[in-house]
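> run.txt is reproduced in full below (compact mmCIF, N, CA and C atoms).
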```txt
# COMPACT_ATOMS: atom_id res chain seq x y z
N MET A 14 -49.27 -25.86 144.76
CA MET A 14 -50.52 -26.60 144.64
C MET A 14 -50.34 -27.93 145.36
N LYS A 15 -51.41 -28.40 145.97
CA LYS A 15 -51.36 -29.68 146.67
C LYS A 15 -52.35 -30.64 146.00
N ALA A 16 -51.88 -31.85 145.76
CA ALA A 16 -52.74 -32.90 145.19
C ALA A 16 -53.04 -33.92 146.28
N TYR A 17 -54.29 -34.34 146.33
CA TYR A 17 -54.73 -35.38 147.25
C TYR A 17 -55.16 -36.57 146.40
N VAL A 18 -54.42 -37.66 146.50
CA VAL A 18 -54.64 -38.83 145.64
C VAL A 18 -55.15 -39.98 146.50
N TYR A 19 -56.29 -40.56 146.09
CA TYR A 19 -56.91 -41.68 146.79
C TYR A 19 -56.85 -42.90 145.88
N VAL A 20 -56.28 -43.98 146.39
CA VAL A 20 -56.11 -45.21 145.62
C VAL A 20 -56.90 -46.32 146.31
N SER A 21 -57.66 -47.07 145.54
CA SER A 21 -58.40 -48.19 146.11
C SER A 21 -58.46 -49.33 145.09
N PHE A 22 -58.81 -50.52 145.60
CA PHE A 22 -58.99 -51.65 144.69
C PHE A 22 -60.15 -51.39 143.75
N LYS A 23 -60.06 -51.90 142.54
CA LYS A 23 -61.20 -51.86 141.63
C LYS A 23 -62.34 -52.66 142.26
N LYS A 24 -63.56 -52.32 141.93
CA LYS A 24 -64.73 -53.00 142.50
C LYS A 24 -64.70 -54.50 142.23
N SER A 25 -64.09 -54.91 141.12
CA SER A 25 -64.05 -56.34 140.77
C SER A 25 -62.99 -57.12 141.53
N VAL A 26 -62.14 -56.44 142.31
CA VAL A 26 -61.05 -57.08 143.04
C VAL A 26 -61.48 -57.28 144.50
N LEU A 27 -61.26 -58.49 145.00
CA LEU A 27 -61.57 -58.78 146.39
C LEU A 27 -60.68 -57.95 147.31
N ASP A 28 -61.22 -57.54 148.44
CA ASP A 28 -60.50 -56.72 149.41
C ASP A 28 -60.53 -57.42 150.76
N PRO A 29 -59.61 -58.37 151.00
CA PRO A 29 -59.65 -59.13 152.25
C PRO A 29 -59.46 -58.27 153.50
N GLN A 30 -58.65 -57.24 153.43
CA GLN A 30 -58.47 -56.37 154.60
C GLN A 30 -59.76 -55.60 154.89
N GLY A 31 -60.42 -55.13 153.84
CA GLY A 31 -61.71 -54.46 154.02
C GLY A 31 -62.74 -55.39 154.64
N LYS A 32 -62.77 -56.65 154.21
CA LYS A 32 -63.71 -57.64 154.78
C LYS A 32 -63.41 -57.88 156.25
N THR A 33 -62.12 -57.96 156.60
CA THR A 33 -61.73 -58.17 157.99
C THR A 33 -62.16 -56.99 158.86
N ILE A 34 -61.94 -55.79 158.37
CA ILE A 34 -62.35 -54.59 159.10
C ILE A 34 -63.87 -54.56 159.25
N HIS A 35 -64.57 -54.90 158.19
CA HIS A 35 -66.04 -54.94 158.23
C HIS A 35 -66.52 -55.90 159.31
N GLY A 36 -65.93 -57.10 159.34
CA GLY A 36 -66.30 -58.09 160.35
C GLY A 36 -66.03 -57.59 161.77
N ALA A 37 -64.88 -56.94 161.95
CA ALA A 37 -64.54 -56.40 163.27
C ALA A 37 -65.52 -55.32 163.69
N LEU A 38 -65.89 -54.45 162.77
CA LEU A 38 -66.86 -53.39 163.10
C LEU A 38 -68.20 -53.98 163.52
N ARG A 39 -68.64 -55.00 162.80
CA ARG A 39 -69.92 -55.65 163.15
C ARG A 39 -69.84 -56.28 164.54
N LYS A 40 -68.73 -56.97 164.83
CA LYS A 40 -68.55 -57.60 166.14
C LYS A 40 -68.50 -56.57 167.26
N MET A 41 -68.01 -55.39 166.95
CA MET A 41 -67.91 -54.33 167.95
C MET A 41 -69.22 -53.57 168.13
N GLY A 42 -70.23 -53.93 167.34
CA GLY A 42 -71.54 -53.35 167.52
C GLY A 42 -71.87 -52.14 166.66
N TYR A 43 -71.02 -51.81 165.70
CA TYR A 43 -71.32 -50.68 164.82
C TYR A 43 -72.50 -51.05 163.92
N GLN A 44 -73.45 -50.15 163.82
CA GLN A 44 -74.69 -50.39 163.07
C GLN A 44 -74.61 -49.77 161.67
N GLY A 45 -75.27 -50.40 160.73
CA GLY A 45 -75.47 -49.82 159.41
C GLY A 45 -74.28 -49.89 158.46
N VAL A 46 -73.21 -50.54 158.83
CA VAL A 46 -72.05 -50.64 157.93
C VAL A 46 -72.26 -51.86 157.04
N SER A 47 -72.47 -51.61 155.76
CA SER A 47 -72.75 -52.72 154.84
C SER A 47 -71.51 -53.22 154.10
N ASP A 48 -70.46 -52.39 154.02
CA ASP A 48 -69.24 -52.81 153.33
C ASP A 48 -68.11 -51.87 153.72
N VAL A 49 -66.89 -52.36 153.65
CA VAL A 49 -65.69 -51.55 153.89
C VAL A 49 -64.68 -51.90 152.81
N ARG A 50 -64.12 -50.89 152.18
CA ARG A 50 -63.03 -51.05 151.21
C ARG A 50 -61.87 -50.22 151.72
N GLN A 51 -60.69 -50.80 151.79
CA GLN A 51 -59.52 -50.06 152.26
C GLN A 51 -58.73 -49.55 151.07
N GLY A 52 -57.88 -48.57 151.32
CA GLY A 52 -57.09 -48.01 150.23
C GLY A 52 -55.88 -47.26 150.76
N LYS A 53 -55.31 -46.44 149.88
CA LYS A 53 -54.13 -45.64 150.21
C LYS A 53 -54.44 -44.17 149.93
N TYR A 54 -53.74 -43.30 150.63
CA TYR A 54 -53.94 -41.87 150.49
C TYR A 54 -52.58 -41.19 150.38
N PHE A 55 -52.42 -40.29 149.42
CA PHE A 55 -51.17 -39.56 149.23
C PHE A 55 -51.45 -38.07 149.16
N GLU A 56 -50.59 -37.27 149.78
CA GLU A 56 -50.59 -35.82 149.60
C GLU A 56 -49.30 -35.47 148.88
N VAL A 57 -49.44 -34.80 147.73
CA VAL A 57 -48.28 -34.46 146.92
C VAL A 57 -48.27 -32.95 146.72
N THR A 58 -47.18 -32.30 147.09
CA THR A 58 -47.05 -30.86 146.89
C THR A 58 -46.35 -30.62 145.56
N LEU A 59 -46.95 -29.78 144.75
CA LEU A 59 -46.43 -29.47 143.42
C LEU A 59 -46.10 -27.98 143.36
N ASP A 60 -44.95 -27.63 142.83
CA ASP A 60 -44.55 -26.23 142.70
C ASP A 60 -44.31 -25.88 141.24
N GLY A 61 -44.62 -24.65 140.88
CA GLY A 61 -44.29 -24.12 139.56
C GLY A 61 -45.13 -24.65 138.42
N LEU A 62 -46.30 -25.22 138.71
CA LEU A 62 -47.16 -25.76 137.65
C LEU A 62 -48.52 -25.06 137.68
N ASP A 63 -49.07 -24.83 136.50
CA ASP A 63 -50.44 -24.34 136.48
C ASP A 63 -51.38 -25.54 136.68
N GLU A 64 -52.67 -25.30 136.77
CA GLU A 64 -53.60 -26.38 137.09
C GLU A 64 -53.59 -27.50 136.04
N ALA A 65 -53.53 -27.14 134.78
CA ALA A 65 -53.53 -28.15 133.71
C ALA A 65 -52.27 -29.02 133.80
N GLN A 66 -51.13 -28.40 134.03
CA GLN A 66 -49.88 -29.15 134.16
C GLN A 66 -49.91 -30.04 135.41
N ALA A 67 -50.46 -29.50 136.50
CA ALA A 67 -50.55 -30.28 137.74
C ALA A 67 -51.41 -31.51 137.54
N ARG A 68 -52.57 -31.34 136.88
CA ARG A 68 -53.45 -32.48 136.61
C ARG A 68 -52.72 -33.54 135.79
N GLN A 69 -52.01 -33.09 134.78
CA GLN A 69 -51.28 -34.02 133.91
C GLN A 69 -50.22 -34.79 134.71
N GLU A 70 -49.47 -34.10 135.56
CA GLU A 70 -48.43 -34.75 136.35
C GLU A 70 -49.01 -35.71 137.38
N VAL A 71 -50.08 -35.30 138.05
CA VAL A 71 -50.69 -36.17 139.06
C VAL A 71 -51.24 -37.43 138.41
N GLU A 72 -51.92 -37.29 137.29
CA GLU A 72 -52.45 -38.47 136.61
C GLU A 72 -51.32 -39.40 136.17
N ARG A 73 -50.25 -38.82 135.67
CA ARG A 73 -49.12 -39.64 135.23
C ARG A 73 -48.48 -40.38 136.42
N MET A 74 -48.22 -39.67 137.52
CA MET A 74 -47.58 -40.34 138.67
C MET A 74 -48.51 -41.37 139.29
N ALA A 75 -49.81 -41.10 139.30
CA ALA A 75 -50.75 -42.07 139.85
C ALA A 75 -50.77 -43.34 139.01
N ARG A 76 -50.77 -43.19 137.69
CA ARG A 76 -50.78 -44.36 136.80
C ARG A 76 -49.47 -45.14 136.83
N GLU A 77 -48.34 -44.41 136.88
CA GLU A 77 -47.04 -45.05 136.73
C GLU A 77 -46.40 -45.48 138.05
N VAL A 78 -46.75 -44.83 139.17
CA VAL A 78 -46.04 -45.09 140.42
C VAL A 78 -46.97 -45.45 141.58
N LEU A 79 -48.03 -44.69 141.77
CA LEU A 79 -48.85 -44.83 142.98
C LEU A 79 -49.84 -45.98 142.94
N THR A 80 -50.17 -46.48 141.76
CA THR A 80 -51.16 -47.56 141.66
C THR A 80 -50.62 -48.73 140.86
N ASN A 81 -51.26 -49.85 141.09
CA ASN A 81 -51.09 -51.02 140.21
C ASN A 81 -52.34 -51.00 139.34
N PRO A 82 -52.23 -50.55 138.09
CA PRO A 82 -53.42 -50.34 137.26
C PRO A 82 -54.22 -51.61 136.95
N VAL A 83 -53.63 -52.78 137.19
CA VAL A 83 -54.36 -54.02 136.96
C VAL A 83 -55.45 -54.21 138.01
N ILE A 84 -55.16 -53.83 139.27
CA ILE A 84 -56.10 -54.09 140.35
C ILE A 84 -56.58 -52.84 141.10
N GLU A 85 -55.97 -51.68 140.82
CA GLU A 85 -56.33 -50.48 141.56
C GLU A 85 -56.81 -49.36 140.64
N GLU A 86 -57.59 -48.46 141.23
CA GLU A 86 -58.02 -47.26 140.54
C GLU A 86 -57.72 -46.07 141.45
N PHE A 87 -57.76 -44.87 140.89
CA PHE A 87 -57.46 -43.69 141.69
C PHE A 87 -58.40 -42.55 141.35
N ARG A 88 -58.47 -41.63 142.28
CA ARG A 88 -59.12 -40.35 142.05
C ARG A 88 -58.28 -39.32 142.79
N TYR A 89 -58.41 -38.07 142.40
CA TYR A 89 -57.60 -37.04 143.04
C TYR A 89 -58.32 -35.71 143.02
N SER A 90 -57.84 -34.83 143.86
CA SER A 90 -58.30 -33.44 143.83
C SER A 90 -57.10 -32.55 143.99
N LEU A 91 -57.22 -31.32 143.49
CA LEU A 91 -56.14 -30.34 143.60
C LEU A 91 -56.63 -29.17 144.44
N GLU A 92 -55.70 -28.60 145.19
CA GLU A 92 -56.01 -27.44 146.01
C GLU A 92 -54.87 -26.45 145.91
N PRO A 93 -55.18 -25.20 145.55
CA PRO A 93 -54.11 -24.20 145.51
C PRO A 93 -53.55 -23.96 146.91
N GLN A 94 -52.29 -23.59 146.97
CA GLN A 94 -51.68 -23.30 148.28
C GLN A 94 -51.49 -21.83 148.44
```
What is this file in structure tokens?

Amino acid sequence: MKAYVYVSFKKSVLDPQGKTIHGALRKMGYQGVSDVRQGKYFEVTLDGLDEAQARQEVERMAREVLTNPVIEEFRYSLEPQ
């Protein structure tokens, strides 16, 4: 099974890199971009787990290792291999 984990700043946390990218896109002439938030992306391959176990492990690793829970949030999806 493969897990796709997306980590981003919480909405209440300022994202200076996202603001810089947003400004650059506007200067380059891109239309309709009202905001940019940057984040991190992880692909994790899991073996020998059923879907419930995989969800439990991904949530645990995301909370304990992949994110700073004070300023970041995560979402994930699972895909059978």
> Find the residues near region 31-41 of chain A: any atom within 8 Å, counting only N, CA and C atoms, skip ones fewer than 5 places away on the same chain, and give them as a ChimeraX atom specification.
/A:46-52
> Quick one, how far is atom N of Tyr19 (chain A) from atom N of Phe87 (chain A)?
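Value for the atom N of Tyr19 (chain A)-atom N of Phe87 (chain A) distance: 6.9 Å.
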> Check the DSSP output for the backbone and give back, as an MDAnalysis selection string, the residues of region 36-75 of chain A in alpha helix (DSSP H).
chainID A and resid 36:40 64:74
> Tell me which of A:Val83, A:Ala75, A:Leu62, A:Ala67 sits closest to Lys23 (chain A), counting only C-alpha atoms.
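Result for the nearest residue to Lys23 (chain A): A:Val83.
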> Please determine, counting all atoms listed in the file, which residue among A:Lys15, A:Val20, A:Leu91, A:Gln66 has the shortest atom-to-atom distance to Leu79 (chain A).
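Looking only at the distances to Leu79 (chain A), the closest residue turns out to be A:Val20.
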> Kindly indicate which residue among A:Ser90, A:Phe55, A:Gly61, A:Gly42 lies nearest to Val78 (chain A), using only C-alpha atoms for the distances.
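The closest residue to Val78 (chain A) is A:Phe55.
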> Residues at most 12 Å from Pro82 (chain A), counting only C-alpha atoms, excluding those fewer than 6 positions away in the same chain, as a PyMOL selection string?
chain A and resi 20-23+26+72-76
> Could you please determine the separation between CA of Leu27 (chain A) and CA of Tyr43 (chain A) in Å, to one decimal place?
22.4 Å
> As a list in words, please: every residue in chain A that a backbone DSSP assignment puts in strand (DSSP E).
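Strand (DSSP E) assignments inside chain A correspond to Lys15, Ala16, Tyr17, Val18, Tyr19, Val20, Ser21, Phe22, Gly52, Lys53, Tyr54, Phe55, Glu56, Val57, Thr58, Glu85, Glu86, Phe87, Arg88, Tyr89, Ser90, Leu91 and Glu92 of chain A.
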> Could the centre and edge lengths of an axis-aligned box, enclosing all atoms of region 21-35 of chain A in the file with 3 Å extra on each side, be given in Å to one decimal as AutoDock Vina command-line options?

```
--center_x -62.1 --center_y -53.1 --center_z 150.0 --size_x 14.9 --size_y 18.1 --size_z 24.5
```
> Rounded to one decimal place, report the atom N of Thr58 (chain A)-atom C of Tyr17 (chain A) distance in Å.
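Atom-to-atom, atom N of Thr58 (chain A) to atom C of Tyr17 (chain A), that is 9.1 Å.
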> Of the residues A:Val18, A:Val57, A:Lys24, A:Glu70, which is the one nearest to Ile84 (chain A), using only C-alpha atoms?
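The shortest atom-to-atom distance to Ile84 (chain A) comes from A:Lys24.
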> So, with only C-alpha atoms as the atoms that count, which of A:Ala16, A:Gln44, A:Glu92, A:Tyr54 lies closest to Thr80 (chain A)?
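Using only C-alpha atoms, Thr80 (chain A) sits closest to A:Tyr54.
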> Between A:Lys53, A:Gly45, A:Arg68, A:Pro29, which is the closest to Asn81 (chain A) once you count only C-alpha atoms?
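Comparing A:Lys53, A:Gly45, A:Arg68, A:Pro29 against Asn81 (chain A), the winner is A:Lys53.
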